[in-house]
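Asker: I have a structure I would like to understand better, so I am pasting it below and will then ask my questions one at a time.
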Amino acid sequence: MKVEKVEKVVFEEKVALAPDKPWSKTIAAAGDVTDYTMKVGDLAYTPIKHDLSKPCPEEVKTPKRPKDIASIEECYFTGLRAEQFHQPYVEANDYYEEVLRRDPLDSRANTRLGVYSRRHWNLEKAERHLRAALVRPTASYTRVKDGEAYYNLGLVLADQGRTDEAIDALYRAVWTYEYNSAANLKLARIYAQKGNIKMALDRVDEAIAYNAYNLDAKCLKLSLLKRVERGEKLAKEILAFDPLNAYAIYLTKSTAEFAAFMRDEPESYLELALKFKANGEDATARKLLETIDAKVAYPTVKLHLGKIDEFLALPIEYCNPFRKETKDALEALVKARPHATRAWYYLGNVYGNVDTAKAMSAWTQAIQAFKHSDHSNIQTFAYALRNLGYGHWKWTKDFAKSLAFYRRAIAAKPDEAFFLEEFDHVAEEANLSVSERYAMLKSNHATSEKRSGSLIAECVNGIFCGDYERVLGFMRTKYFPTFEGAKNFHDYYVDALLLKGAELEKAGDVAGAIKLYEETEEYPAAHQVFVELTKRRPRDTQVWYSLGCAYEKLGDAAKAKSFFERAAAVDTLRTDYCYWKALSLKKLGRVAEAQVIGEQMVKKGGAHFDDYVDFFDYEGNRYGTTKDFKNASAAYTRGLGQLLLGDAAAAKVSLAECLKLKADHLWADRILAEIK
């Protein structure tokens, strides 16, 4: 480890590093840190000096709707960017399909849709798009310059069992450098499966020549050489480059060494077995599956071995079918046994991320098959119901059907907490009344409290319904671990304390209210929410305004004023808590300042969100912001501003609009109820 300043060594030390032996050292830098360079072996790092006078790079903008993009090329590249970046809320295919609406034979868009369809096992559609993609590039007997369409067409034809046509397409793909290695590997596998070792070796050698790092090709060659009792040199070459290559380890190491390497992981055996099968080594593939089956009872291993009764008898936990080979086996099974509940359920799961319509059809069949089975399949039945609920929530957006399926799932398996949590998310998006949501969670509390997400949902809905004592009982005694969706948990705690305090104030117990308001400063360790109390939060202004009003009721003008002053001094950033800051300013007689805040809130709340997608945010429920939720937030901000400006009638309309868009908007509901 060496540090140099302008090529002069200022620190040097030899250190031993390992995952369990970290090392650190702090060195005082004299002058500009960019004069220093840290070196570790051949690696070197010098801090970059940023020139803040230079303009920032152009910002990424929300993409336009496909129909609003004038240029076909721009429309195509908008889709391609979404595909490359895996953007979850921009559907790349929408852009490709718009290109084809304008030009049905566009080669690039057809290729992308063909590849997508192949990867999603829609082989007929894939073939149509890929053949359309080749119409123009192959016109007048032209050899294509880009082999992607031919390569993917070859894969599609091979999957359909049309081997001769596949071979023809793949040989056309090998003419292009980018697809030579991949296409030759597929050709080699086809020849290996046919038993034509000479042709398989010829093709795999070319695949390796064009891509020396194609380890799948090298593994296939190793298998082929092993058949003729050669290959030790190649095996060493593979393992030198990739010491964890299970294929080469199996063919070259002892049985004990291989078993230790695989660690009895069924998925590892299954993955390796399918690689051998793809290379024409059916007997080896079966031997691998039988080896792991003797050690671990795993559903998909049983399925691929043809041990169907054992497969159907195993519980569904920890089984995640996802491969095309597994899909093919399941489709064959449900044809033979149409009343096999678990087979239909697994088939739905394997289609879940590939073809949502087929997934939902399979889960529906699982529910129908359950009628013909015994109750040992009740868990499978419940999860099939849940999956249909999820499908109608996320895919069809039919919230009524989704909620109906979730209710059935909860009735079938009332001890599954995440059913309750997801039910509440759907109910939130469906704008179901909060009282119905709370009733579902409260009536299943023993299950709800098993999971933080469902218990938080119960607390949030309970606060809205005014069940403060019960909710505070949970919040003061239960453990709420932190996770991605729980970042606002302290705010829910503050909501309950402020609203219970306001209830006590109305009942005349002002001292009790003050005690609750003061409790908002606490961050119970069981909430797993930590904050540096020297750094104040925008919400302090709401709490301090409430304390000021409480002391005002007690006749303690000095203390009331001190809290109003503290509230008025809070930096509320760009949050709606500036409403309570403005109320505090009014209490202090600084009406003009409050008026400015009101005007700003009305202006800010006048914006309407109607983008094609929420490009930089999470489209979801409590954990994110849909378009309706953003518009609800705007209406809420506008309503608060109108209240500050003295226009109660307009404020009522705005707050009612907020609640129409988001029925569980707590403070819109409470403030609207207080407007005279």
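So you can find residues: chains in the structure tokens are A, B, ... in the order shown, residues in each start at 1, and ligands are numbered from 1 in order.
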Mind checking DSSP for stretch 18-228 of chain A and telling me the alpha helix (DSSP H) residues as JSON, numbers by chain?

Answerer: {"A": [72, 73, 74, 75, 76, 77, 78, 79, 80, 81, 82, 83, 84, 85, 92, 93, 94, 95, 96, 97, 98, 99, 100, 101, 102, 107, 108, 109, 110, 111, 112, 113, 114, 115, 116, 117, 118, 119, 123, 124, 125, 126, 127, 128, 129, 130, 131, 132, 133, 148, 149, 150, 151, 152, 153, 154, 155, 156, 157, 158, 159, 163, 164, 165, 166, 167, 168, 169, 170, 171, 172, 173, 177, 178, 179, 180, 181, 182, 183, 184, 185, 186, 187, 188, 189, 190, 191, 192, 193, 194, 197, 198, 199, 200, 201, 202, 203, 204, 205, 206, 207, 208, 209, 210, 215, 216, 217, 218, 219, 220, 221, 222, 223, 224, 225, 226, 227]}

Asker: Find the residue from A:Ile72, A:Ala329, A:Ala44, A:Cys319 that sits nearest to A:Gly306; use only C-alpha atoms when measuring.

Answerer: A:Ala329

Asker: Compile the contact shell of A:Lys581 as a VMD selection string: residues with an atom at most 12 Å away, counting only C-alpha atoms, same-chain residues fewer than 4 positions apart removed.

Answerer: chain A and resid 538 to 546 548 563 to 573 575 to 577 585 to 588 590 to 591 593 to 598 640 to 641 644

Asker: With only C-alpha atoms as the basis for distance, which of A:Val334, A:Ala560, A:Ala212, A:Ala283 is at the shortest distance from A:Glu237?

Answerer: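 Going through A:Val334, A:Ala560, A:Ala212, A:Ala283 one by one, the smallest distance to A:Glu237 is for A:Ala212.
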
Asker: In Å, with one decimal, what is the gap from atom CA of A:Pro47 to atom CA of A:Ala28?

Answerer: 14.7 Å

Asker: When you look at stretch 284-286 of chain A with a cut-off of 12 Å (counting only C-alpha atoms), what residues show up, excluding the ones that are within fewer than 2 positions of it in the same chain? I need them as a PyMOL selection string.

Answerer: chain A and resi 223+247+250-251+269-282+288-293+301-306

Asker: Find the spatial neighbours of stretch 407-420 of chain A, counting only C-alpha atoms, within a cut-off of 8 Å - ignore same-chain residues fewer than 3 positions away - and output them as a PyMOL selection string.

Answerer: chain A and resi 378-379+381-383+385-386+403-404+423-424+440-441+444+447-451+453-454

Asker: Got time to write the residues from that selection, N, CA and C atoms, as a PDB file, in the first residue's frame?

Answerer:
```pdb
ATOM      1  N   ILE A 378     -54.927 -27.467   0.497  1.00  0.00           N
ATOM      2  CA  ILE A 378     -55.544 -26.206   0.894  1.00  0.00           C
ATOM      3  C   ILE A 378     -54.562 -25.043   0.808  1.00  0.00           C
ATOM      4  N   GLN A 379     -53.283 -25.290   1.132  1.00  0.00           N
ATOM      5  CA  GLN A 379     -52.298 -24.210   1.050  1.00  0.00           C
ATOM      6  C   GLN A 379     -52.073 -23.797  -0.403  1.00  0.00           C
ATOM      7  N   PHE A 381     -54.203 -24.110  -2.800  1.00  0.00           N
ATOM      8  CA  PHE A 381     -55.440 -23.423  -3.170  1.00  0.00           C
ATOM      9  C   PHE A 381     -55.397 -21.966  -2.713  1.00  0.00           C
ATOM     10  N   ALA A 382     -54.973 -21.737  -1.479  1.00  0.00           N
ATOM     11  CA  ALA A 382     -54.917 -20.376  -0.930  1.00  0.00           C
ATOM     12  C   ALA A 382     -53.928 -19.509  -1.698  1.00  0.00           C
ATOM     13  N   TYR A 383     -52.770 -20.076  -2.021  1.00  0.00           N
ATOM     14  CA  TYR A 383     -51.766 -19.293  -2.748  1.00  0.00           C
ATOM     15  C   TYR A 383     -52.191 -19.039  -4.190  1.00  0.00           C
ATOM     16  N   LEU A 385     -55.280 -18.543  -5.072  1.00  0.00           N
ATOM     17  CA  LEU A 385     -56.221 -17.428  -4.909  1.00  0.00           C
ATOM     18  C   LEU A 385     -55.463 -16.116  -4.731  1.00  0.00           C
ATOM     19  N   ARG A 386     -54.431 -16.153  -3.888  1.00  0.00           N
ATOM     20  CA  ARG A 386     -53.623 -14.945  -3.671  1.00  0.00           C
ATOM     21  C   ARG A 386     -52.980 -14.482  -4.966  1.00  0.00           C
ATOM     22  N   LEU A 403     -59.567  -7.745  -4.867  1.00  0.00           N
ATOM     23  CA  LEU A 403     -59.977  -7.787  -3.459  1.00  0.00           C
ATOM     24  C   LEU A 403     -60.802  -9.036  -3.164  1.00  0.00           C
ATOM     25  N   ALA A 404     -61.643  -9.432  -4.128  1.00  0.00           N
ATOM     26  CA  ALA A 404     -62.462 -10.636  -3.928  1.00  0.00           C
ATOM     27  C   ALA A 404     -61.573 -11.875  -3.782  1.00  0.00           C
ATOM     28  N   PHE A 423     -53.589  -7.254   0.735  1.00  0.00           N
ATOM     29  CA  PHE A 423     -54.993  -6.838   0.647  1.00  0.00           C
ATOM     30  C   PHE A 423     -55.107  -5.346   0.916  1.00  0.00           C
ATOM     31  N   ASP A 424     -54.394  -4.863   1.936  1.00  0.00           N
ATOM     32  CA  ASP A 424     -54.496  -3.449   2.274  1.00  0.00           C
ATOM     33  C   ASP A 424     -53.883  -2.567   1.193  1.00  0.00           C
ATOM     34  N   MET A 440     -60.871  -5.451   8.295  1.00  0.00           N
ATOM     35  CA  MET A 440     -60.209  -6.673   7.850  1.00  0.00           C
ATOM     36  C   MET A 440     -58.984  -6.962   8.707  1.00  0.00           C
ATOM     37  N   LEU A 441     -58.151  -5.950   8.942  1.00  0.00           N
ATOM     38  CA  LEU A 441     -56.923  -6.141   9.709  1.00  0.00           C
ATOM     39  C   LEU A 441     -57.212  -6.393  11.185  1.00  0.00           C
ATOM     40  N   ASN A 444     -58.439  -9.797  12.045  1.00  0.00           N
ATOM     41  CA  ASN A 444     -57.407 -10.822  11.885  1.00  0.00           C
ATOM     42  C   ASN A 444     -56.119 -10.400  12.591  1.00  0.00           C
ATOM     43  N   THR A 447     -53.056 -12.655  13.242  1.00  0.00           N
ATOM     44  CA  THR A 447     -52.214 -12.889  12.070  1.00  0.00           C
ATOM     45  C   THR A 447     -51.476 -11.620  11.671  1.00  0.00           C
ATOM     46  N   SER A 448     -52.167 -10.507  11.707  1.00  0.00           N
ATOM     47  CA  SER A 448     -51.578  -9.221  11.302  1.00  0.00           C
ATOM     48  C   SER A 448     -50.299  -8.916  12.057  1.00  0.00           C
ATOM     49  N   GLU A 449     -50.279  -9.192  13.350  1.00  0.00           N
ATOM     50  CA  GLU A 449     -49.111  -8.815  14.151  1.00  0.00           C
ATOM     51  C   GLU A 449     -47.897  -9.716  13.915  1.00  0.00           C
ATOM     52  N   LYS A 450     -48.072 -10.759  13.093  1.00  0.00           N
ATOM     53  CA  LYS A 450     -46.932 -11.615  12.768  1.00  0.00           C
ATOM     54  C   LYS A 450     -45.946 -10.925  11.823  1.00  0.00           C
ATOM     55  N   ARG A 451     -46.410  -9.883  11.145  1.00  0.00           N
ATOM     56  CA  ARG A 451     -45.609  -9.259  10.085  1.00  0.00           C
ATOM     57  C   ARG A 451     -45.652  -7.741  10.246  1.00  0.00           C
ATOM     58  N   GLY A 453     -45.262  -5.264   8.157  1.00  0.00           N
ATOM     59  CA  GLY A 453     -46.023  -4.520   7.160  1.00  0.00           C
ATOM     60  C   GLY A 453     -47.508  -4.524   7.435  1.00  0.00           C
ATOM     61  N   SER A 454     -48.058  -5.681   7.786  1.00  0.00           N
ATOM     62  CA  SER A 454     -49.502  -5.756   8.047  1.00  0.00           C
ATOM     63  C   SER A 454     -49.860  -5.062   9.353  1.00  0.00           C
TER      64      SER A 454
END
```

Asker: What are the nearest atom pairs, with distances in Å to one decimal, for all residues of stretch 92-204 of chain A that come at most 8 Å from stretch 78-86 of chain A, using only C-alpha atoms, set out by chain and rising residue number as CSV?

Answerer:
```
residue,atom,partner,partner_atom,distance
A:Ala92,CA,A:Gly79,CA,4.1
A:Asn93,CA,A:Gly79,CA,6.6
A:Asp94,CA,A:Gly79,CA,7.4
A:Tyr95,CA,A:Gly79,CA,5.1
A:Tyr96,CA,A:Gly79,CA,6.4
```

Asker: Report as a list in words all protein, DNA and RNA residues lying within 8 Å of A:Phe609, evaluated on only C-alpha atoms, omitting residues in the same chain fewer than 5 positions from it.

Answerer: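 Answer for this query is Lys627, Lys630 and Asn631 of chain A.
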
Asker: Would you mind listing what lies within 7 Å of A:Ala188 as an MDAnalysis selection string, with only C-alpha atoms counted and same-chain residues fewer than 5 positions away left out?

Answerer: chainID A and resid 200:201 203:204

Asker: Grab the residues selected above and save them as an mmCIF file, in the first residue's frame with N, CA and C atoms.

Answerer:
```cif
data_model
loop_
_atom_site.group_PDB
_atom_site.id
_atom_site.type_symbol
_atom_site.label_atom_id
_atom_site.label_comp_id
_atom_site.auth_asym_id
_atom_site.auth_seq_id
_atom_site.Cartn_x
_atom_site.Cartn_y
_atom_site.Cartn_z
ATOM 1 N N ALA A 200 -20.364 -31.700 -34.608
ATOM 2 C CA ALA A 200 -20.483 -30.941 -33.363
ATOM 3 C C ALA A 200 -19.143 -30.312 -32.990
ATOM 4 N N LEU A 201 -18.054 -31.110 -33.131
ATOM 5 C CA LEU A 201 -16.717 -30.587 -32.826
ATOM 6 C C LEU A 201 -16.318 -29.478 -33.797
ATOM 7 N N ARG A 203 -18.291 -27.365 -35.337
ATOM 8 C CA ARG A 203 -19.035 -26.132 -35.022
ATOM 9 C C ARG A 203 -18.557 -25.510 -33.707
ATOM 10 N N VAL A 204 -18.282 -26.337 -32.716
ATOM 11 C CA VAL A 204 -17.887 -25.790 -31.418
ATOM 12 C C VAL A 204 -16.488 -25.192 -31.496
#
```

Asker: Name the closest residue to A:Ser654 among the candidates A:Tyr579, A:Tyr438, A:Tyr636, A:Trp363; distances are taken between atoms, counting only C-alpha atoms.

Answerer: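 The closest residue to A:Ser654 is A:Tyr636.
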
Asker: Restrict the calculation to only C-alpha atoms, then for each residue of stretch 406-473 of chain A with any atom at most 12 Å from an atom of stretch 503-524 of chain A give the closest atom pair and their distance in Å to one decimal, rows by chain and rising residue number, as JSON lines.

Answerer:
```
{"residue": "A:Gly466", "atom": "CA", "partner": "A:Glu503", "partner_atom": "CA", "distance": 9.5}
{"residue": "A:Asp467", "atom": "CA", "partner": "A:Glu503", "partner_atom": "CA", "distance": 11.2}
{"residue": "A:Tyr468", "atom": "CA", "partner": "A:Glu503", "partner_atom": "CA", "distance": 9.6}
{"residue": "A:Glu469", "atom": "CA", "partner": "A:Glu503", "partner_atom": "CA", "distance": 11.1}
{"residue": "A:Leu472", "atom": "CA", "partner": "A:Leu516", "partner_atom": "CA", "distance": 10.7}
```

Asker: Next, dump the selected residues to file, keeping only C-alpha atoms, as a CSV table (one decimal), in the first residue's frame.

Answerer:
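For reference, out.csv as written:
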```
chain,number,residue,atom,x,y,z
A,466,GLY,CA,-59.9,7.2,15.5
A,467,ASP,CA,-58.9,4.1,17.4
A,468,TYR,CA,-55.9,6.0,19.0
A,469,GLU,CA,-55.6,4.2,22.3
A,472,LEU,CA,-50.8,3.6,20.6
```

Asker: Could you check how far atom CA of A:Leu498 sits from atom CA of A:Glu674, in Å to one decimal?

Answerer: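 Between atom CA of A:Leu498 and atom CA of A:Glu674 the gap is 14.8 Å.
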